[in-house]
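The file model.cif contains mmCIF, C-alpha atoms:
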data_my_file
loop_
_atom_site.label_atom_id
_atom_site.label_comp_id
_atom_site.auth_asym_id
_atom_site.auth_seq_id
_atom_site.Cartn_x
_atom_site.Cartn_y
_atom_site.Cartn_z
CA MET A 622 -71.38 116.06 43.60
CA SER A 623 -70.42 112.45 44.32
CA GLY A 624 -72.93 109.89 45.47
CA SER A 625 -71.38 109.65 48.95
CA ALA A 626 -71.32 113.41 49.40
CA ALA A 627 -74.91 113.71 48.24
CA GLY A 628 -75.99 110.93 50.56
CA SER A 629 -74.38 112.56 53.59
CA ALA A 630 -76.04 115.88 52.76
CA ARG A 631 -79.56 114.53 52.36
CA LYS A 632 -80.14 111.38 54.35
CA ARG A 633 -83.94 111.16 54.42
CA ILE A 634 -86.19 112.29 51.58
CA GLY A 635 -89.97 112.11 51.85
CA VAL A 636 -92.05 111.58 48.70
CA MET A 637 -95.79 112.05 48.30
CA THR A 638 -98.50 112.24 45.64
CA GLY A 639 -101.43 114.66 45.93
CA GLY A 640 -104.54 115.71 44.03
CA GLY A 641 -106.16 113.68 41.28
CA ASP A 642 -104.30 110.60 40.06
CA ALA A 643 -102.54 110.56 36.71
CA PRO A 644 -100.76 107.88 34.69
CA GLY A 645 -97.05 108.19 35.46
CA LEU A 646 -97.19 108.87 39.20
CA ASN A 647 -95.64 105.50 39.97
CA ALA A 648 -92.91 106.15 37.43
CA VAL A 649 -91.97 109.34 39.32
CA ILE A 650 -91.96 107.51 42.67
CA ARG A 651 -89.77 104.79 41.18
CA ALA A 652 -87.30 107.31 39.80
CA VAL A 653 -87.14 109.21 43.10
CA VAL A 654 -86.46 106.05 45.08
CA LYS A 655 -83.87 104.64 42.68
CA ALA A 656 -82.01 107.94 42.26
CA ALA A 657 -82.01 108.68 45.99
CA VAL A 658 -81.05 105.19 47.15
CA ASN A 659 -78.28 104.96 44.56
CA ALA A 660 -76.95 108.27 45.95
CA GLY A 661 -76.88 106.85 49.48
CA ALA A 662 -80.08 108.48 50.75
CA GLU A 663 -83.16 106.94 52.37
CA VAL A 664 -86.66 107.51 51.02
CA VAL A 665 -89.81 107.68 53.13
CA GLY A 666 -93.08 107.19 51.29
CA LEU A 667 -95.82 109.46 52.66
CA GLU A 668 -99.29 108.04 52.02
CA ASP A 669 -102.30 110.05 50.91
CA SER A 670 -100.45 113.28 50.19
CA PHE A 671 -99.63 115.38 53.29
CA ASP A 672 -101.67 112.96 55.40
CA GLY A 673 -98.42 111.01 55.58
CA LEU A 674 -97.09 113.80 57.79
CA ILE A 675 -100.33 114.18 59.75
CA TYR A 676 -100.77 110.57 60.82
CA PRO A 677 -97.61 108.68 61.89
CA GLU A 678 -98.96 105.34 60.64
CA LYS A 679 -99.22 106.65 57.07
CA SER A 680 -95.55 106.47 56.18
CA ARG A 681 -93.08 103.75 55.30
CA ILE A 682 -89.53 103.32 54.05
CA LEU A 683 -89.34 102.71 50.31
CA GLY A 684 -86.46 100.62 49.03
CA LEU A 685 -85.54 99.41 45.57
CA LYS A 686 -87.65 96.27 46.03
CA ASP A 687 -90.74 98.38 46.77
CA VAL A 688 -90.63 100.10 43.38
CA THR A 689 -89.77 97.07 41.28
CA GLY A 690 -92.36 96.60 38.54
CA ILE A 691 -94.34 99.80 39.13
CA LEU A 692 -93.05 101.78 36.13
CA ARG A 693 -95.88 100.57 33.90
CA LEU A 694 -98.67 100.82 36.49
CA GLY A 695 -101.29 103.55 36.61
CA GLY A 696 -102.43 105.11 39.88
CA THR A 697 -100.03 105.60 42.79
CA ILE A 698 -98.71 103.12 45.34
CA LEU A 699 -98.76 105.91 47.94
CA GLY A 700 -102.42 106.84 47.47
CA THR A 701 -103.65 110.38 47.05
CA VAL A 702 -106.32 112.77 48.32
CA ASN A 703 -107.94 115.83 46.81
CA ARG A 704 -109.72 117.52 49.69
CA GLY A 705 -109.50 121.19 48.77
CA ASN A 706 -107.73 123.70 51.01
CA PRO A 707 -106.52 121.82 54.12
CA PHE A 708 -105.49 125.01 55.93
CA LEU A 709 -109.12 126.04 56.48
CA GLU A 710 -109.96 123.54 59.21
CA PRO A 711 -108.09 121.91 62.12
CA ILE A 712 -106.92 118.30 61.82
CA VAL A 713 -108.45 115.76 64.21
CA THR A 714 -106.26 112.75 64.99
CA PRO A 715 -106.31 110.05 67.71
CA GLY A 716 -103.55 112.08 69.36
CA GLY A 717 -105.57 115.28 69.46
CA THR A 718 -106.65 118.22 67.33
CA PHE A 719 -103.97 120.20 65.51
CA ASN A 720 -103.50 123.15 63.26
CA TYR A 721 -102.76 121.64 59.85
CA GLY A 722 -99.61 123.63 59.12
CA ASP A 723 -98.18 123.22 62.61
CA ARG A 724 -98.79 119.47 62.56
CA VAL A 725 -96.99 119.00 59.23
CA LEU A 726 -93.99 121.02 60.43
CA GLU A 727 -93.89 119.11 63.72
CA MET A 728 -94.03 115.68 62.07
CA PHE A 729 -91.48 116.63 59.40
CA ALA A 730 -89.03 117.32 62.23
CA LYS A 731 -90.01 114.25 64.30
CA MET A 732 -89.56 111.96 61.29
CA LYS A 733 -86.07 113.46 60.81
CA LEU A 734 -86.77 114.23 57.17
CA ASP A 735 -84.30 116.42 55.31
CA ALA A 736 -86.49 117.30 52.32
CA LEU A 737 -89.65 116.44 50.40
CA VAL A 738 -90.56 115.60 46.82
CA CYS A 739 -94.14 116.79 46.36
CA ILE A 740 -95.84 115.39 43.26
CA GLY A 741 -99.12 117.05 42.37
CA GLY A 742 -101.16 119.58 40.47
CA ASP A 743 -101.87 123.23 41.10
CA GLY A 744 -103.47 122.63 44.51
CA THR A 745 -100.73 120.36 45.82
CA LEU A 746 -98.01 122.66 44.50
CA ALA A 747 -99.67 125.66 46.16
CA ILE A 748 -99.78 123.81 49.50
CA SER A 749 -96.17 122.74 49.01
CA TYR A 750 -95.13 126.32 48.36
CA GLU A 751 -96.73 127.41 51.64
CA PHE A 752 -94.70 124.79 53.50
CA TYR A 753 -91.54 125.81 51.67
CA LYS A 754 -92.10 129.36 52.91
CA LYS A 755 -92.52 127.93 56.43
CA GLY A 756 -89.09 126.34 56.18
CA ILE A 757 -89.50 122.85 54.71
CA PRO A 758 -86.91 122.11 52.00
CA LEU A 759 -88.76 120.64 49.03
CA VAL A 760 -89.05 120.29 45.27
CA GLY A 761 -92.32 120.07 43.34
CA VAL A 762 -93.09 117.73 40.46
CA PRO A 763 -95.98 118.91 38.23
CA LYS A 764 -98.79 116.44 37.66
CA THR A 765 -101.94 117.08 35.64
CA ILE A 766 -103.60 115.33 32.76
CA ASP A 767 -105.15 118.72 31.86
CA ASN A 768 -101.65 120.07 31.04
CA ASP A 769 -102.59 123.40 32.63
CA ILE A 770 -99.60 124.01 34.94
CA VAL A 771 -97.60 127.04 33.84
CA GLY A 772 -93.85 126.88 33.29
CA THR A 773 -93.73 123.38 31.81
CA THR A 774 -94.38 122.46 28.19
CA SER A 775 -96.07 119.24 29.23
CA CYS A 776 -96.87 117.10 32.26
CA PHE A 777 -96.91 113.33 32.49
CA GLY A 778 -100.41 111.91 32.18
CA PHE A 779 -101.42 114.32 29.43
CA ASP A 780 -100.13 112.14 26.60
CA THR A 781 -101.88 109.08 28.07
CA ALA A 782 -105.16 110.97 28.47
CA VAL A 783 -105.00 112.30 24.90
CA SER A 784 -104.16 108.84 23.55
CA PHE A 785 -107.12 107.29 25.35
CA ALA A 786 -109.52 110.04 24.25
CA THR A 787 -108.30 109.72 20.67
CA ASP A 788 -108.90 105.97 20.73
CA ALA A 789 -112.42 106.57 22.07
CA ILE A 790 -113.13 109.07 19.28
CA ASP A 791 -111.85 106.57 16.71
CA ARG A 792 -114.29 103.98 18.03
CA LEU A 793 -117.16 106.46 18.04
CA HIS A 794 -116.55 107.26 14.38
CA THR A 795 -117.70 103.77 13.43
CA THR A 796 -121.00 103.85 15.31
CA ALA A 797 -121.65 107.47 14.32
CA GLU A 798 -121.21 106.61 10.66
CA ALA A 799 -123.25 103.41 10.89
CA HIS A 800 -126.23 105.19 12.49
CA ARG A 801 -125.67 108.60 10.84
CA ARG A 802 -125.62 110.27 14.22
CA ILE A 803 -124.00 113.21 15.88
CA MET A 804 -121.72 111.90 18.63
CA VAL A 805 -120.71 114.29 21.42
CA VAL A 806 -117.63 113.28 23.44
CA GLU A 807 -117.04 115.02 26.78
CA VAL A 808 -113.42 115.02 27.94
CA MET A 809 -111.67 116.51 30.96
CA GLY A 810 -110.45 120.09 31.04
CA ARG A 811 -111.85 122.40 33.70
CA HIS A 812 -110.17 125.62 32.68
CA ALA A 813 -108.03 124.57 29.74
CA GLY A 814 -108.87 122.77 26.51
CA TRP A 815 -105.58 121.00 25.86
CA ILE A 816 -107.03 117.46 25.95
CA ALA A 817 -110.06 118.41 23.86
CA LEU A 818 -107.94 120.18 21.26
CA HIS A 819 -105.23 117.55 20.90
CA ALA A 820 -107.57 114.55 21.02
CA GLY A 821 -110.10 116.29 18.81
CA VAL A 822 -107.55 117.02 16.10
CA ALA A 823 -105.94 113.58 16.40
CA GLY A 824 -109.35 111.90 16.24
CA GLY A 825 -110.64 113.94 13.31
CA ALA A 826 -113.42 115.73 15.21
CA ASP A 827 -115.58 118.16 13.26
CA VAL A 828 -116.26 120.47 16.22
CA ILE A 829 -114.08 121.12 19.27
CA LEU A 830 -115.44 123.16 22.18
CA ILE A 831 -112.93 124.41 24.75
CA PRO A 832 -113.11 126.71 27.81
CA GLU A 833 -110.98 129.36 26.11
CA ILE A 834 -113.55 129.95 23.35
CA PRO A 835 -117.19 130.45 24.47
CA TYR A 836 -119.40 128.72 21.92
CA ASP A 837 -122.68 129.34 20.10
CA LEU A 838 -124.51 126.06 19.48
CA GLU A 839 -126.55 127.59 16.68
CA LYS A 840 -123.27 128.19 14.83
CA VAL A 841 -122.23 124.64 15.62
CA ALA A 842 -125.54 123.34 14.27
CA ALA A 843 -125.04 125.39 11.10
CA THR A 844 -121.61 123.81 10.64
CA LEU A 845 -123.07 120.33 11.03
CA ALA A 846 -125.89 121.16 8.59
CA GLU A 847 -123.31 122.29 6.04
CA ARG A 848 -121.51 118.98 6.45
CA GLU A 849 -124.82 117.23 5.78
CA LYS A 850 -125.22 119.15 2.52
CA LEU A 851 -121.76 118.05 1.45
CA GLY A 852 -122.72 114.41 1.99
CA ALA A 853 -121.32 113.80 5.47
CA ARG A 854 -124.03 111.86 7.29
CA PHE A 855 -122.41 111.91 10.73
CA SER A 856 -120.37 114.28 12.88
CA ILE A 857 -118.08 114.12 15.91
CA VAL A 858 -118.18 116.89 18.51
CA VAL A 859 -115.54 116.99 21.28
CA VAL A 860 -116.34 119.18 24.27
CA ALA A 861 -114.16 119.91 27.31
CA GLU A 862 -116.00 119.70 30.63
CA GLY A 863 -115.26 123.38 31.25
CA ALA A 864 -116.52 124.63 27.89
CA HIS A 865 -119.47 127.01 28.11
CA PRO A 866 -121.82 128.96 25.82
CA LYS A 867 -121.29 132.63 25.10
CA ASP A 868 -124.39 133.59 27.04
CA GLY A 869 -124.06 131.00 29.81
CA SER A 870 -121.79 129.34 32.33
CA VAL A 871 -120.12 125.99 32.87
CA SER A 872 -122.20 122.94 33.75
CA ILE A 873 -121.85 122.17 37.45
CA LEU A 874 -122.62 118.95 39.31
CA GLU A 875 -121.71 120.26 42.77
CA ALA A 876 -121.07 123.82 43.90
CA ALA A 877 -117.84 124.84 45.61
CA HIS A 878 -117.86 124.38 49.39
CA GLY A 879 -115.45 124.26 52.32
CA GLY A 880 -112.37 124.94 50.25
CA TYR A 881 -113.32 122.41 47.57
CA ALA A 882 -113.58 123.59 43.98
CA GLU A 883 -116.87 123.13 42.17
CA ARG A 884 -117.39 119.78 40.44
CA LEU A 885 -118.03 120.18 36.74
CA GLY A 886 -120.15 117.83 34.66
CA GLY A 887 -122.92 117.88 32.11
CA ALA A 888 -121.30 119.78 29.24
CA GLY A 889 -121.72 116.78 26.97
CA ILE A 890 -125.41 116.19 27.59
CA VAL A 891 -126.15 119.92 27.32
CA CYS A 892 -124.51 120.09 23.90
CA ALA A 893 -126.01 116.81 22.69
CA THR A 894 -129.55 117.71 23.72
CA ARG A 895 -129.47 121.14 22.13
CA LEU A 896 -127.74 120.00 18.93
CA GLY A 897 -130.34 117.28 18.51
CA GLN A 898 -133.06 119.92 18.73
CA LEU A 899 -131.31 122.32 16.35
CA THR A 900 -130.36 119.76 13.69
CA GLY A 901 -133.14 117.22 13.95
CA LYS A 902 -130.51 114.48 13.85
CA GLU A 903 -130.20 111.60 16.26
CA THR A 904 -127.58 112.67 18.81
CA ARG A 905 -125.75 110.72 21.49
CA TYR A 906 -123.13 111.69 24.04
CA VAL A 907 -120.31 109.91 25.87
CA VAL A 908 -118.55 111.13 29.01
CA LEU A 909 -115.03 109.72 29.20
CA GLY A 910 -114.52 111.09 32.72
CA HIS A 911 -112.08 109.27 34.95
CA LEU A 912 -111.29 106.68 32.28
CA GLN A 913 -108.81 109.26 31.02
CA ARG A 914 -106.91 109.03 34.31
CA GLY A 915 -106.65 105.26 34.39
CA GLY A 916 -104.55 102.57 32.81
CA ALA A 917 -100.88 102.24 32.02
CA PRO A 918 -98.98 105.40 31.05
CA THR A 919 -97.70 105.75 27.50
CA ALA A 920 -94.00 105.43 26.73
CA PHE A 921 -93.75 109.22 26.52
CA ASP A 922 -95.32 109.70 29.95
CA ARG A 923 -93.16 106.98 31.53
CA THR A 924 -90.06 108.67 30.19
CA LEU A 925 -91.12 112.18 31.20
CA ALA A 926 -92.14 111.04 34.68
CA THR A 927 -88.83 109.26 35.13
CA ARG A 928 -86.91 112.38 34.07
CA PHE A 929 -88.97 114.50 36.48
CA GLY A 930 -88.28 112.16 39.41
CA GLY A 931 -84.58 111.92 38.72
CA LYS A 932 -84.24 115.68 38.33
CA ALA A 933 -86.16 116.32 41.57
CA VAL A 934 -83.69 114.20 43.54
CA GLN A 935 -80.76 115.91 41.83
CA LEU A 936 -82.09 119.31 42.89
CA LEU A 937 -82.55 118.19 46.49
CA LEU A 938 -79.08 116.72 46.67
CA ASN A 939 -77.68 119.99 45.36
CA GLY A 940 -79.67 122.08 47.84
CA GLN A 941 -81.91 123.73 45.22
CA TYR A 942 -85.18 124.00 47.16
CA GLY A 943 -88.44 125.74 46.41
CA LYS A 944 -88.29 124.70 42.76
CA MET A 945 -90.55 122.81 40.39
CA VAL A 946 -89.06 120.57 37.73
CA ALA A 947 -90.32 121.59 34.30
CA ASN A 948 -90.15 120.20 30.78
CA HIS A 949 -88.36 122.71 28.56
CA PRO A 950 -87.48 120.49 25.58
CA PRO A 951 -84.94 119.11 25.25
CA ASP A 952 -84.16 119.70 28.94
CA ILE A 953 -85.76 119.27 32.34
CA VAL A 954 -85.11 122.48 34.25
CA PRO A 955 -85.89 123.95 37.70
CA ILE A 956 -88.20 126.96 37.98
CA PRO A 957 -89.25 128.75 41.20
CA LEU A 958 -92.51 127.45 42.68
CA GLY A 959 -93.54 131.05 43.31
CA GLU A 960 -93.76 131.59 39.55
CA VAL A 961 -96.13 128.66 39.17
CA VAL A 962 -98.73 128.66 41.95
CA GLY A 963 -102.01 130.47 41.45
CA LYS A 964 -101.71 130.45 37.66
CA THR A 965 -103.27 128.39 34.89
CA LYS A 966 -101.83 127.59 31.47
CA THR A 967 -104.66 127.86 28.97
CA VAL A 968 -104.68 127.29 25.21
CA PRO A 969 -103.53 130.50 23.46
CA LEU A 970 -105.90 131.60 20.71
CA ASP A 971 -102.90 131.81 18.36
CA TYR A 972 -101.65 128.32 19.27
CA ASP A 973 -100.46 126.65 16.08
CA LEU A 974 -102.55 123.48 16.51
CA LEU A 975 -105.69 125.55 17.06
CA LEU A 976 -104.95 127.62 13.96
CA THR A 977 -104.23 124.48 11.96
CA ALA A 978 -107.53 122.97 13.07
CA ARG A 979 -109.37 126.08 11.93
CA ALA A 980 -107.57 125.94 8.58
CA LEU A 981 -108.79 122.37 8.16
CA GLY A 982 -112.37 123.42 8.76
CA VAL A 983 -112.82 122.40 12.39
CA SER A 984 -115.43 124.57 14.13
CA PHE A 985 -114.88 125.97 17.61
CA GLY A 986 -118.41 127.30 17.84
CA ASP A 987 -117.41 130.96 17.78
#

Just give me the structure of the file as structure tokens.
Amino acid sequence: MSGSAAGSARKRIGVMTGGGDAPGLNAVIRAVVKAAVNAGAEVVGLEDSFDGLIYPEKSRILGLKDVTGILRLGGTILGTVNRGNPFLEPIVTPGGTFNYGDRVLEMFAKMKLDALVCIGGDGTLAISYEFYKKGIPLVGVPKTIDNDIVGTTSCFGFDTAVSFATDAIDRLHTTAEAHRRIMVVEVMGRHAGWIALHAGVAGGADVILIPEIPYDLEKVAATLAEREKLGARFSIVVVAEGAHPKDGSVSILEAAHGGYAERLGGAGIVCATRLGQLTGKETRYVVLGHLQRGGAPTAFDRTLATRFGGKAVQLLLNGQYGKMVANHPPDIVPIPLGEVVGKTKTVPLDYDLLLTARALGVSFGD
């Protein structure tokens, strides 16, 4: 399809970012704007996820000048929200109280939008799919540092998060060795242990605890004691925030409420406290938390995000709606949103990196 034909078919494309932030969001926005504008279309930036369609003041035209220099920046120039299920309660605005779904559909029409690019994780993609079923033409772009969205080999932000966590583990090696301590590093990963596994292996961790494998800290302590016998005076333990003991549950900071998922936290201190008791060794813990989400995206994430954004615009211009762009190396391909929502991609127990880690003597506490 030529640029002029594409432009006449899709004159106004809305773009938004939803859920937790991830390095590479701005790279997607940049690619969407540049690809659309160069095809003759106009791009409307919708601020704070679907709020940009709820409140008229939260939208603005994005031109080439607006995305100059943002490729390398973390965060998102459009802002984002992560408020749980927005369909559960009515929306209160200065103009009145509205049903959430009805308001979005109404504003989409009033703003004369032809289609949306919805960038987000499982929650945002699920909301997007509901609006697609209600008649809004859209394409989803997967975003999660946890790498737990099905259908795509990887998501932008994951490589950056793993690189940061690996650097942190490298730094902790020095203080652990100097003080002959056990260092416990808590990383993100609610339901999937991709970050913990990849960063743990890359950082040379001795123990990696992930949600997919319930752990026994007595077995972990035995592993660390064996290392001590062999002359290793320190150990590194990496634990995903969603990891849990065989006879227990995940560590929760705040229970689920009003459509919001529970907030996890405390896995690191739980493991550190108990391992200190079991081994008698000085034990410390570090929670990397939101540091993994921040900073400039790696070259890999910038490239992947750019490919996602460009492909999303291509799909819209070709009338392929209700899809999510996915990384199927070496290609970026469209897959139906209906095959994605409501599912989680966890680490398979026969995953080659996990098996390699076991072969190298890494303990998973099972």

#### Entry: Which of A:Gly982, A:Gly863, A:Gly901, A:Gly645 sits closest to Ile698 of chain A [using only C-alpha atoms]
A:Gly645

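The shortest atom-to-atom distance to Cys892 of chain A, with only C-alpha atoms taken into account, belongs to A:Glu839 out of A:Asp767, A:Glu839, A:Glu751, A:Glu847.
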
### Task
Evaluate the PyMOL selection byres ((chain A and resi 688-690) around 9) and record the selected residues as a list in words, following the chain and residue labels used in the document.
Asn647, Ala648, Ile650, Arg651, Ala652, Val654, Lys655, Leu683, Gly684, Leu685, Lys686, Asp687, Ile691, Leu692, Arg693, Leu694 and Ile698 of chain A

### Task
Kindly extract all protein, DNA and RNA residues lying within 8 Å of the coordinates (-95.7, 119.6, 31.8) given in the file, considering all atoms listed in the file, and supply them as a list of chain:residue names.
A:Pro763, A:Lys764, A:Thr765, A:Asn768, A:Asp769, A:Ile770, A:Val771, A:Gly772, A:Thr773, A:Thr774, A:Ser775, A:Cys776, A:Phe777, A:Ala947, A:Asn948

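Here the PyMOL selection byres ((chain A and resi 910) around 8) catches exactly these residues: Glu807, Val808, Met809, Val908, Leu909, His911, Leu912 and Gln913 of chain A.
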
### Task
Compile the contact shell of Gly915 of chain A as a PyMOL selection string: residues with an atom at most 8 Å away, counting all atoms listed in the file, same-chain residues fewer than 6 positions apart removed.
chain A and resi 643-644+695-696

### Message
(-102.2, 108.9, 60.9) in this file's frame - what residues fall within 12 Å of it? Use all atoms listed in the file and give the answer as a VMD selection string.
### Response
chain A and resid 667 to 681 712 to 717 724 to 725 728

### Task
Tell me, in Å to one decimal, how far atom CA of Tyr836 of chain A is from atom CA of Ala888 of chain A.
11.7 Å

#### Entry: Asp987 of chain A surroundings by all atoms listed in the file, 7 Å radius, close-in-sequence under 3 positions cut, as a PyMOL selection string
chain A and resi 834-837

### Task
Have a look at atom CA of Thr965 of chain A and atom CA of Tyr721 of chain A and let me know their distance in Å, one decimal.
25.9 Å

## Note on the structure
In terms of only C-alpha atoms, the residue from A:Leu793, A:Val738, A:Val860, A:Ala662 at minimal distance from Gly889 of chain A is A:Val860

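Across the structure, atom CA of Val859 of chain A and atom CA of Thr904 of chain A are spaced 13.0 Å apart.
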
### Message
Give me, as a list in words, all polymer residues having an atom no more than 10 Å from segment 953-960 of chain A, counting only C-alpha atoms and skipping those fewer than 5 positions away in the same chain.
### Response
Leu746, Ala747, Ser749, Tyr750, Glu751, Tyr753, Lys754, Val760, Gly761, Val762, Val771, Gly772, Thr773, Leu925, Arg928, Phe929, Gly931, Lys932, Ala933, Leu936, Gln941, Tyr942, Gly943, Lys944, Met945, Val946, Ala947 and Asn948 of chain A

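The result of the PyMOL selection byres ((chain A and resi 826) around 9) on the shown file is A:Ile790, A:Ala820, A:Gly821, A:Val822, A:Ala823, A:Gly824, A:Gly825, A:Asp827, A:Val828, A:Ile829, A:Ser856, A:Ile857, A:Val858, A:Val859, A:Val983.
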
### Message
Can you tell me which residues surround Asp780 of chain A at a distance of at most 8 Å, considering only C-alpha atoms, apart from same-chain residues fewer than 2 positions away, and format the answer as a list of chain:residue names?
### Response
A:Ile766, A:Phe777, A:Gly778, A:Ala782, A:Val783, A:Ser784, A:Thr919, A:Phe921, A:Asp922

Close residues, segment 798-802 of chain A itself excluded, 10 Å, all atoms listed in the file, min 3 positions apart in chain, as a JSON list (two decimals) with C-alpha atoms, in the coordinates of the input:
[["chain", "number", "residue", "atom", "x", "y", "z"],
["A", 793, "LEU", "CA", -117.16, 106.46, 18.04],
["A", 794, "HIS", "CA", -116.55, 107.26, 14.38],
["A", 795, "THR", "CA", -117.70, 103.77, 13.43],
["A", 805, "VAL", "CA", -120.71, 114.29, 21.42],
["A", 853, "ALA", "CA", -121.32, 113.80, 5.47],
["A", 854, "ARG", "CA", -124.03, 111.86, 7.29],
["A", 855, "PHE", "CA", -122.41, 111.91, 10.73],
["A", 856, "SER", "CA", -120.37, 114.28, 12.88],
["A", 857, "ILE", "CA", -118.08, 114.12, 15.91],
["A", 897, "GLY", "CA", -130.34, 117.28, 18.51],
["A", 902, "LYS", "CA", -130.51, 114.48, 13.85],
["A", 903, "GLU", "CA", -130.20, 111.60, 16.26],
["A", 904, "THR", "CA", -127.58, 112.67, 18.81],
["A", 905, "ARG", "CA", -125.75, 110.72, 21.49]]

### Task
Measuring atom to atom with only C-alpha atoms, identify which of A:Val653, A:Gly814, A:Gly666, A:Gly756 is nearest to Thr701 of chain A.
A:Gly666

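Among A:Tyr906, A:Leu975, A:Ala660, A:Asn703, the residue with the shortest atom-to-atom distance to Asp743 of chain A, counting all atoms listed in the file, is A:Asn703.
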
### Which residue of A:Val702, A:Val665, A:Ala656, A:Leu981 approaches Gly741 of chain A most closely, using only C-alpha atoms
A:Val702
